[in-house]
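Student: This is the structure I have questions about; it appears just below.
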Amino acid sequence: MKRLLLFICIFYHVSNAQSEEDVLTNINDQIEIIDGYIEFDTFYLDPEEFLDKMADHGAELNGYYEHDRLKKMLKKVGTRKADIVTTFYFWNDQLIHVHYKQRPYLMTKNARGQNVPDHTKAFTKYESKHFFKDGEEIKRKETGSPMSDMDPDVEFLNYANKMKGLLDNKFYNKDTYEALQGKWLFIENTEDYIIFEGTIRFNFYNGKFANRLKTRIEDGVLECFFPMDDRLYRYKIVDLNNNILTLVDLFSKEEFVYAKVD
């Protein structure tokens with residue numbers, strides 16, 4: 001009986017090990033397939049669209065679509081001392097892999113002979129690879145040592161899904177966003193106007209900047225919200241063409257009509 005129990009335990013652990021090995025093999029195969037695509041539709045978010053505060057040395061977030069589905073997402077943020085580069089891989093709209101890197105800038109001498117960081121040259125000091133299945137991290141590999149004054153990112157799943165949502169929103173509504181771009185005067189008071197840049201809406205009252213809101217579009221409804229606020233404003237897009245934008249506030253039922261400015 002003891003031998004039978006021992007055999008069952010050994011078989012259970014071996015089966016689990018084989019199962020994890022098979023999963024990792026499949027994930028690596030999927031990563032290879034994604035990296036092998038040569039005809040991506042590349043879409044991007046401006047820094048204002050995915051950051052709550054600006055980076056010291058620039059930022060970018062690019063999404064790579066194949067057959068209208070996000071396959072890969074590349075995020076790069078330039079901090080004061082390093083570039084933080086994170087690559088996300090998706091399969092069937094699920095996060096499967098994250099490759100994270102801390103890349104400190106190389107030092108160089110300026111005209112005064114002082115050692116300063118060269119923001120065009122960096123090296124990988126630390127990297128981690130994370131493997132996911134069904135919304136859970138199943139394996140992590142680390143190489144090198146993280147920077148002493150920078151904790152490495154470790155929580156990727158919620159962030160990846162949030163950024164995927166922003167990219168998908170812009171990608172699937174690209175025609176509407178393209179039509180919205182530019183300056184629109186409120187016809188009842190031309191001192192009030194709005195400007196759309198990417199997915200950001202800038203509001204101006206009496207000719208002065210008032211605030212900026214992030215936006216998303218769903219089923220013909222324009223949702224506007226502050227980055228660090230729970231307030232949400234929802235407008236039905238009644239009309240949108242080269243000259244006129246008509247929005248109806250779904251809460252107050254008030255209609256707003258804007259004229260496009262070239």
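The chains in the structure tokens are called A, B, ... from first to last as shown; in each chain the residues are counted from 1, and the ligands are counted from 1 in the order shown.
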Residues of range 19-172 of chain A in helix (DSSP H, G or I) according to DSSP, as number ranges by chain?

Tutor: A: 19-36, 47-50, 157-172

Student: Go ahead and save the picked residues with N, CA and C atoms, as a CSV table (one decimal), in the first residue's frame.

Tutor:
```
chain,number,residue,atom,x,y,z
A,19,SER,N,3.4,18.8,-17.5
A,19,SER,CA,2.3,19.7,-17.9
A,19,SER,C,2.9,21.2,-18.0
A,20,GLU,N,3.6,21.6,-16.9
A,20,GLU,CA,4.2,22.9,-17.0
A,20,GLU,C,5.2,23.1,-18.1
A,21,GLU,N,6.0,22.0,-18.3
A,21,GLU,CA,7.0,22.1,-19.4
A,21,GLU,C,6.3,22.2,-20.7
A,22,ASP,N,5.2,21.5,-20.9
A,22,ASP,CA,4.4,21.5,-22.2
A,22,ASP,C,3.8,22.9,-22.4
A,23,VAL,N,3.3,23.5,-21.3
A,23,VAL,CA,2.7,24.9,-21.4
A,23,VAL,C,3.8,25.9,-21.8
A,24,LEU,N,5.0,25.8,-21.1
A,24,LEU,CA,6.0,26.7,-21.4
A,24,LEU,C,6.5,26.5,-22.9
A,25,THR,N,6.6,25.3,-23.3
A,25,THR,CA,6.9,25.0,-24.7
A,25,THR,C,5.9,25.7,-25.7
A,26,ASN,N,4.7,25.5,-25.4
A,26,ASN,CA,3.6,26.2,-26.2
A,26,ASN,C,3.7,27.7,-26.2
A,27,ILE,N,4.0,28.3,-25.1
A,27,ILE,CA,4.1,29.7,-25.0
A,27,ILE,C,5.3,30.2,-25.8
A,28,ASN,N,6.4,29.5,-25.7
A,28,ASN,CA,7.6,29.9,-26.4
A,28,ASN,C,7.4,29.7,-27.9
A,29,ASP,N,6.6,28.7,-28.3
A,29,ASP,CA,6.3,28.5,-29.7
A,29,ASP,C,5.4,29.7,-30.2
A,30,GLN,N,4.5,30.1,-29.4
A,30,GLN,CA,3.6,31.2,-29.7
A,30,GLN,C,4.4,32.5,-29.8
A,31,ILE,N,5.3,32.8,-28.9
A,31,ILE,CA,6.2,33.9,-29.0
A,31,ILE,C,6.9,34.0,-30.3
A,32,GLU,N,7.5,32.8,-30.7
A,32,GLU,CA,8.2,32.7,-31.9
A,32,GLU,C,7.4,33.0,-33.1
A,33,ILE,N,6.1,32.5,-33.1
A,33,ILE,CA,5.2,32.8,-34.2
A,33,ILE,C,4.9,34.3,-34.3
A,34,ILE,N,4.7,34.9,-33.1
A,34,ILE,CA,4.4,36.4,-33.1
A,34,ILE,C,5.5,37.2,-33.6
A,35,ASP,N,6.7,36.9,-33.1
A,35,ASP,CA,7.9,37.6,-33.6
A,35,ASP,C,8.2,37.4,-35.0
A,36,GLY,N,7.6,36.3,-35.6
A,36,GLY,CA,7.8,36.0,-37.0
A,36,GLY,C,6.9,36.7,-38.0
A,47,PRO,N,2.2,59.6,-25.3
A,47,PRO,CA,2.5,59.6,-23.8
A,47,PRO,C,1.3,60.1,-23.0
A,48,GLU,N,0.6,61.2,-23.5
A,48,GLU,CA,-0.5,61.7,-22.7
A,48,GLU,C,-1.6,60.7,-22.6
A,49,GLU,N,-1.7,59.8,-23.5
A,49,GLU,CA,-2.8,58.8,-23.6
A,49,GLU,C,-2.6,57.7,-22.6
A,50,PHE,N,-1.4,57.3,-22.2
A,50,PHE,CA,-1.2,56.2,-21.3
A,50,PHE,C,-0.4,56.5,-20.0
A,157,LEU,N,-0.2,41.8,-15.1
A,157,LEU,CA,-1.5,41.4,-15.7
A,157,LEU,C,-2.5,42.5,-15.8
A,158,ASN,N,-2.8,43.1,-14.7
A,158,ASN,CA,-3.8,44.2,-14.7
A,158,ASN,C,-3.4,45.3,-15.6
A,159,TYR,N,-2.1,45.7,-15.5
A,159,TYR,CA,-1.6,46.8,-16.4
A,159,TYR,C,-1.7,46.4,-17.9
A,160,ALA,N,-1.3,45.2,-18.2
A,160,ALA,CA,-1.3,44.8,-19.6
A,160,ALA,C,-2.7,44.8,-20.1
A,161,ASN,N,-3.7,44.4,-19.4
A,161,ASN,CA,-5.1,44.4,-19.8
A,161,ASN,C,-5.6,45.8,-20.0
A,162,LYS,N,-5.2,46.7,-19.1
A,162,LYS,CA,-5.6,48.1,-19.1
A,162,LYS,C,-5.0,48.8,-20.4
A,163,MET,N,-3.8,48.6,-20.7
A,163,MET,CA,-3.1,49.2,-21.9
A,163,MET,C,-3.7,48.5,-23.1
A,164,LYS,N,-4.0,47.2,-23.1
A,164,LYS,CA,-4.6,46.6,-24.2
A,164,LYS,C,-6.0,47.2,-24.5
A,165,GLY,N,-6.7,47.5,-23.5
A,165,GLY,CA,-8.0,48.1,-23.6
A,165,GLY,C,-7.9,49.5,-24.3
A,166,LEU,N,-6.9,50.3,-23.9
A,166,LEU,CA,-6.7,51.6,-24.5
A,166,LEU,C,-6.3,51.5,-26.0
A,167,LEU,N,-5.4,50.6,-26.3
A,167,LEU,CA,-5.0,50.4,-27.7
A,167,LEU,C,-6.2,49.8,-28.5
A,168,ASP,N,-6.9,48.8,-28.0
A,168,ASP,CA,-8.0,48.3,-28.7
A,168,ASP,C,-9.1,49.3,-29.0
A,169,ASN,N,-9.3,50.2,-28.0
A,169,ASN,CA,-10.3,51.2,-28.2
A,169,ASN,C,-9.9,52.2,-29.3
A,170,LYS,N,-8.6,52.6,-29.4
A,170,LYS,CA,-8.2,53.5,-30.4
A,170,LYS,C,-8.1,52.8,-31.8
A,171,PHE,N,-7.7,51.5,-31.8
A,171,PHE,CA,-7.6,50.7,-33.0
A,171,PHE,C,-8.9,50.5,-33.6
A,172,TYR,N,-9.9,50.0,-32.9
A,172,TYR,CA,-11.2,49.6,-33.4
A,172,TYR,C,-12.1,50.8,-33.7
```

Student: Could you give me, as a count of residues only, each residue of range 13-258 of chain A that DSSP assigns to strand (DSSP E) when run on this structure's backbone?

Tutor: 125

Student: Work out how far apart CA of Ile244 in chain A and CA of Lys260 in chain A are and give it in Å to one decimal.

Tutor: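 Between these atoms lies a distance of 6.1 Å.
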
Student: Compare A:Lys253, A:Lys214, A:Arg69, A:Arg80 by their minimum atom-to-atom distance to Pro117 in chain A, counting only C-alpha atoms, and give me the closest one.

Tutor: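 Answer, going by the shortest atom-to-atom distance: A:Arg80.
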
Student: As a list in words, please: the residues near Ala179 in chain A (cut-off 12 Å, only C-alpha atoms, same-chain neighbours under 4 positions excluded).

Tutor: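 Near Ala179 in chain A, the qualifying residues are Asn173, Lys174, Asp175, Lys183, Trp184, Ile195, Phe196, Glu197, Gly198, Thr199, Ile237, Asp239, Leu240, Asn241, Asn242, Asn243, Ile244, Leu245 and Lys260 of chain A.
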
Student: Might you pull out every residue within 12 Å of Leu222 in chain A, with only C-alpha atoms counted and same-chain residues fewer than 4 positions away left off, and present them as an NGL selection string?

Tutor: :A and (169-170 or 173 or 176-177 or 180 or 199-201 or 213-218 or 232-240 or 245-250)

Student: Using only C-alpha atoms, which residue out of A:Asn189, A:Ser128, A:Asn92, A:Asn62 lies closest to Thr143 in chain A?

Tutor: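 Answer, going by the shortest atom-to-atom distance: A:Ser128.
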
Student: What is the CA of Asp41 in chain A to CA of Tyr65 in chain A distance in Å?

Tutor: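 Distance reported for this atom pair: 4.9 Å.
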